[in-house]
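Beneath this line is the structure, given in structure tokens, with notes to follow.
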Amino acid sequence: MSNRKLIYLDNNSTTPCDPRVVEAMLPYFYEHPGNAASRNHPFGWEAEDAVDLARQRIAALLNVDPKEIIFTSGATESDNLALKGVFEMYKSKGNHIITATTEHKAVLDSCKKIESMGGEVTYLEVQPDGRIDLEKLEAAIKPSTILVSIMWANNETGVIQDMKAIGDICAKHGVLFMSDATQAVGKIPVHPKEVGVHLLAFTGHKMYGPKGVGALFVNRKNPRVKVTAQMDGGGHERGMRSGTLNVPGIVGMGKAAEIAMNEMESDTQRISKLRDKLERELTTRLEESYINGDVAHRMPHVTNISFKHVEGEGLMMTFNQEIGVSSGSACTSASLEPSYVLVALGLGDDLAHSSIRFSLGRFTTEEEIDYAIDALVKGVNHMRDLSPIWEMYKEGIDLSKIVWSEH
Amino acid sequence: MAYSEKVLDHFKNPKNVGTLDKSKKNVGTGLVGAPECGDVMRLQIEVDEESGMIKDAKFKTFGCGSAIASSSLATEWLIGKSLEEAGNIDNMDIVEELALPPVKIHCSVLAEDAIKSAISDYKEKNGITA
């Protein structure tokens with residue numbers, strides 16, 4: 001093993017905790033140990049003050065009222081609370097929910113549960129660029145529809161939806177609009193009220209905060225939205241989420257929100273330049289490489305590229321001692337299923353199996369990107385030298401005419 | 001998931017990568033798997049017509065590291081074996097040698113299929129009935 005620093009290009013999985021965030025959290029483990037719900041001594045007051053400040057900072061980032069922020073354990077819990085909570089609260093009005101096939105599993109599996117509870121769910125297919133077809137969305141709304149749930153930005157491709165247009169459609173039909181904004185909050189401007197989003201799920205650890213803390217924005221006025229609690233207990237968080245508040249985690253998430261607000265613009269400028277360089281170099285130096293998703297509406301730090309006739313997991317193995325990325329190919333089960341998100345974009349299974357997701361971050365350097373470019377070029381060439389289908393392709397054999405022995 | 005040293009070694013320095021002339025009568029070719037499934041293995045054997053022994057073997061594989069290591073190992077084992085001995089290579093031998101985890105057993109199955117497919121292609125070409 002060389003003494004080279006490991007290169008982390010998997011920031012959509014989780015971001016490192018910013019050292020300034022860690023510093024802000026530390027006093028709340030020992031020096032200020034209070035429970036924010038202890039209303040009658042200084043320990044509790046200190047904790048409550050710290051939580052209040054964090055709530056204000058997070059609310060400021062979203063341009064919402066602090067009272068509209070409900071703390072949870074993370075985006076998965078926030079998605080569950082929003083979807084199941086709305087369904088339970090509003091099921092007397094209707095049982096129909098609309099979402100999309102490219103959503104995160106936390107949304108899709110919550111919807112599956114809602115179906116088992118008597119709900120009806122429409123899973124919209126997306127366009128080849130990954131965006132929602134607005135006409136199809138509007139056509140799917142019916143009198144029993146209570147909620148539309150569309151993610152702000154996709155975790156695998158970084159594709160950003162036209163949130164304002166979707167919000168307008170929901171408003172026109174009087175339907176609630178929820179968004180899983182896990183990948184977007186803290187990285188691009190996310191202002192739910194300006195686009196008509198009534199519930200917004202997000203988490204600390206994708207915005208340089210700690211793991212184990214997240215939040216749900218719930219609109220309080222016009223309309224006043226309520227969700228049925230999924231966790232019963234002491235009635236914390238305005239009764240919507242019981243459980244002792246994770247004070248150090250919340251403090252950290254608040255600090256992360258404050259930093260994001262101040263540095264979003266400069267981070268974006270710097271990171272998107274590096275992303276563009278990575279993308280440009282790889283697609284020009286490696287023939288038959290394709291960018292997945294709508295490049296015009298995309299997160300500034302993400303690129304998802306398919307390298308034809310190279311299997312993603314194998315490719316990763318050529319450099320994964322040094323570089324951390326993600327592959328759309330999950331070659332870890334007998335079914336060998338490729339990414340359902342890429343398949344939903346209309347990619348053939350072969351291109352889906354050949355994809356790599358690069359997600360850069362605040363701490364990514366140009367030197368690291370240069371190193372990654374060379375490693376990727378070397379890796380793809382190594383894998384193509386080994387690939388029988390690359391050889392056939394180069395010989396001009398039509399691979400679609402071959403009878404494969406599927407297993 | 002961490003890979004075993006042996007898998008890493010075969011992956012980084014694969015043995016017997018290449019292509020034999022499949023038009024030759026004494027070359028048997030096995031092509032198994034499918035791009036849609038995430039792995040395709042092509043394994044070829046060249047048989048010495050006098051002795052009936054496998055004198056060369058080559059592979060190319062589209063797949064994960066374990067699939068590549070399984071086929072690289074298979075070619076190593078094939079060279080110097082008779083067709084009968086080659087046909088007796090069991091996927092579990094590959095699993096054991098490479099210390100493949102359960103989720104990667106299908107890679108070894110694919111390698112066994114490729115061996116059997118190459119042998120039967122050779123036999124077919126040469127009019128040998130099983």
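Labels used: A, B, ... for chains in the order of the structure tokens, numbers from 1 for residues in each chain, and numbers from 1 for ligands as shown.
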- request: Find the spatial neighbours of segment 42-57 of chain B, counting only C-alpha atoms, within a cut-off of 6 Å - ignore same-chain residues fewer than 3 positions away - and output them as a list in words.
  value: Asn26, Val27, Gly28, Thr29, Gly30, Leu31, Lys60, Thr75, Ile79, Gly80, Lys81, Ser82, Ala114 and Ala118 of chain B
task: Using only C-alpha atoms, find the residues of chain B whose closest atom to chain A is at most 10 Å away, then write them as a ChimeraX atom specification.
output: /B:1,3,8,11-12,14,17-19,31-43,59-68,101-107,109-110
field: Val95 of chain B environment, 7 Å, only C-alpha atoms, sequence neighbours closer than 4 positions dropped, as JSON, numbers by chain
entry: {"B": [91, 99, 100, 105, 108]}
- prompt: Please, what distance in Å, to one decimal, runs between atom CA of Asn292 of chain A and atom CA of Asp129 of chain A?
  reply: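 Computed distance, atom CA of Asn292 of chain A to atom CA of Asp129 of chain A, equals 7.6 Å.
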Secondary structure check, alpha helix (DSSP H) residues of segment 316-369 of chain A, as a ChimeraX atom specification: /A:316-317,340-344,349-353,366-369
query: Which of segment 217-312 of chain A counts as strand (DSSP E) under DSSP, as number ranges by chain please?
result: A: 217-218, 289-291, 302-307
Once you have the residues from the selection above, write them out as an mmCIF file, in the first residue's frame, restricted to C-alpha atoms.
data_model
loop_
_atom_site.group_PDB
_atom_site.id
_atom_site.type_symbol
_atom_site.label_atom_id
_atom_site.label_comp_id
_atom_site.auth_asym_id
_atom_site.auth_seq_id
_atom_site.Cartn_x
_atom_site.Cartn_y
_atom_site.Cartn_z
ATOM 1 C CA PHE A 217 -39.828 20.618 7.035
ATOM 2 C CA VAL A 218 -43.596 20.712 7.519
ATOM 3 C CA SER A 289 -18.320 6.620 -22.608
ATOM 4 C CA TYR A 290 -21.685 8.182 -21.924
ATOM 5 C CA ILE A 291 -22.929 10.643 -19.313
ATOM 6 C CA VAL A 302 -22.065 14.762 -9.540
ATOM 7 C CA THR A 303 -21.407 12.899 -12.751
ATOM 8 C CA ASN A 304 -22.555 9.420 -13.649
ATOM 9 C CA ILE A 305 -20.732 7.857 -16.597
ATOM 10 C CA SER A 306 -21.142 4.516 -18.361
ATOM 11 C CA PHE A 307 -18.052 2.977 -19.943
#
- prompt: Which neighbours of Thr228 of chain A fall inside 12 Å, counting only C-alpha atoms, when residues of the same chain fewer than 4 positions from it are skipped, and could you give them as a list in words?
  reply: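 The filter keeps Asn80, Leu81, Ala82, Leu83, Lys84, Gly85, Val86, Phe87, Glu88, Met89, Tyr90, Lys91, Val218, Asp232, Gly235, Arg238, Gly239, Met240, Arg241 and Ser242 of chain A.
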Take the residues from that selection and write them out as a short mmCIF file (atom, residue, chain, number, x, y, z; two decimals), in the first residue's frame, keeping C-alpha atoms.
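Listing of part18.cif after writing:
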data_model
loop_
_atom_site.label_atom_id
_atom_site.label_comp_id
_atom_site.auth_asym_id
_atom_site.auth_seq_id
_atom_site.Cartn_x
_atom_site.Cartn_y
_atom_site.Cartn_z
CA ASN A 80 -41.17 7.61 6.33
CA LEU A 81 -42.74 10.23 8.59
CA ALA A 82 -43.80 12.46 5.71
CA LEU A 83 -45.32 9.73 3.56
CA LYS A 84 -46.92 7.51 6.17
CA GLY A 85 -47.77 10.50 8.36
CA VAL A 86 -49.62 12.28 5.54
CA PHE A 87 -51.34 9.09 4.48
CA GLU A 88 -52.63 8.41 7.98
CA MET A 89 -53.61 12.04 8.59
CA TYR A 90 -55.42 12.56 5.28
CA LYS A 91 -56.72 9.13 4.32
CA VAL A 218 -43.60 20.71 7.52
CA ASP A 232 -45.06 7.62 20.03
CA GLY A 235 -44.67 14.37 22.36
CA ARG A 238 -44.84 19.48 18.32
CA GLY A 239 -46.09 15.95 18.78
CA MET A 240 -44.91 14.82 15.39
CA ARG A 241 -41.77 13.00 16.51
CA SER A 242 -41.27 11.77 20.04
#
task: For Pro248 of chain A, list every protein, DNA or RNA residue within 8 Å, evaluated using only C-alpha atoms, and leave out those in the same chain fewer than 6 positions away; present the list as a list in words.
output: Met25, Leu26, Tyr28 and Phe29 of chain A
Serialized selection, C-alpha atoms, as a PDB file, in the first residue's frame:
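Result went into out-v1.pdb, see below:
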ATOM      1  CA  MET A  25     -20.644  19.586  18.614  1.00  0.00           C
ATOM      2  CA  LEU A  26     -17.997  18.602  21.138  1.00  0.00           C
ATOM      3  CA  TYR A  28     -22.609  19.030  23.909  1.00  0.00           C
ATOM      4  CA  PHE A  29     -21.333  15.589  24.799  1.00  0.00           C
TER       5      PHE A  29
END
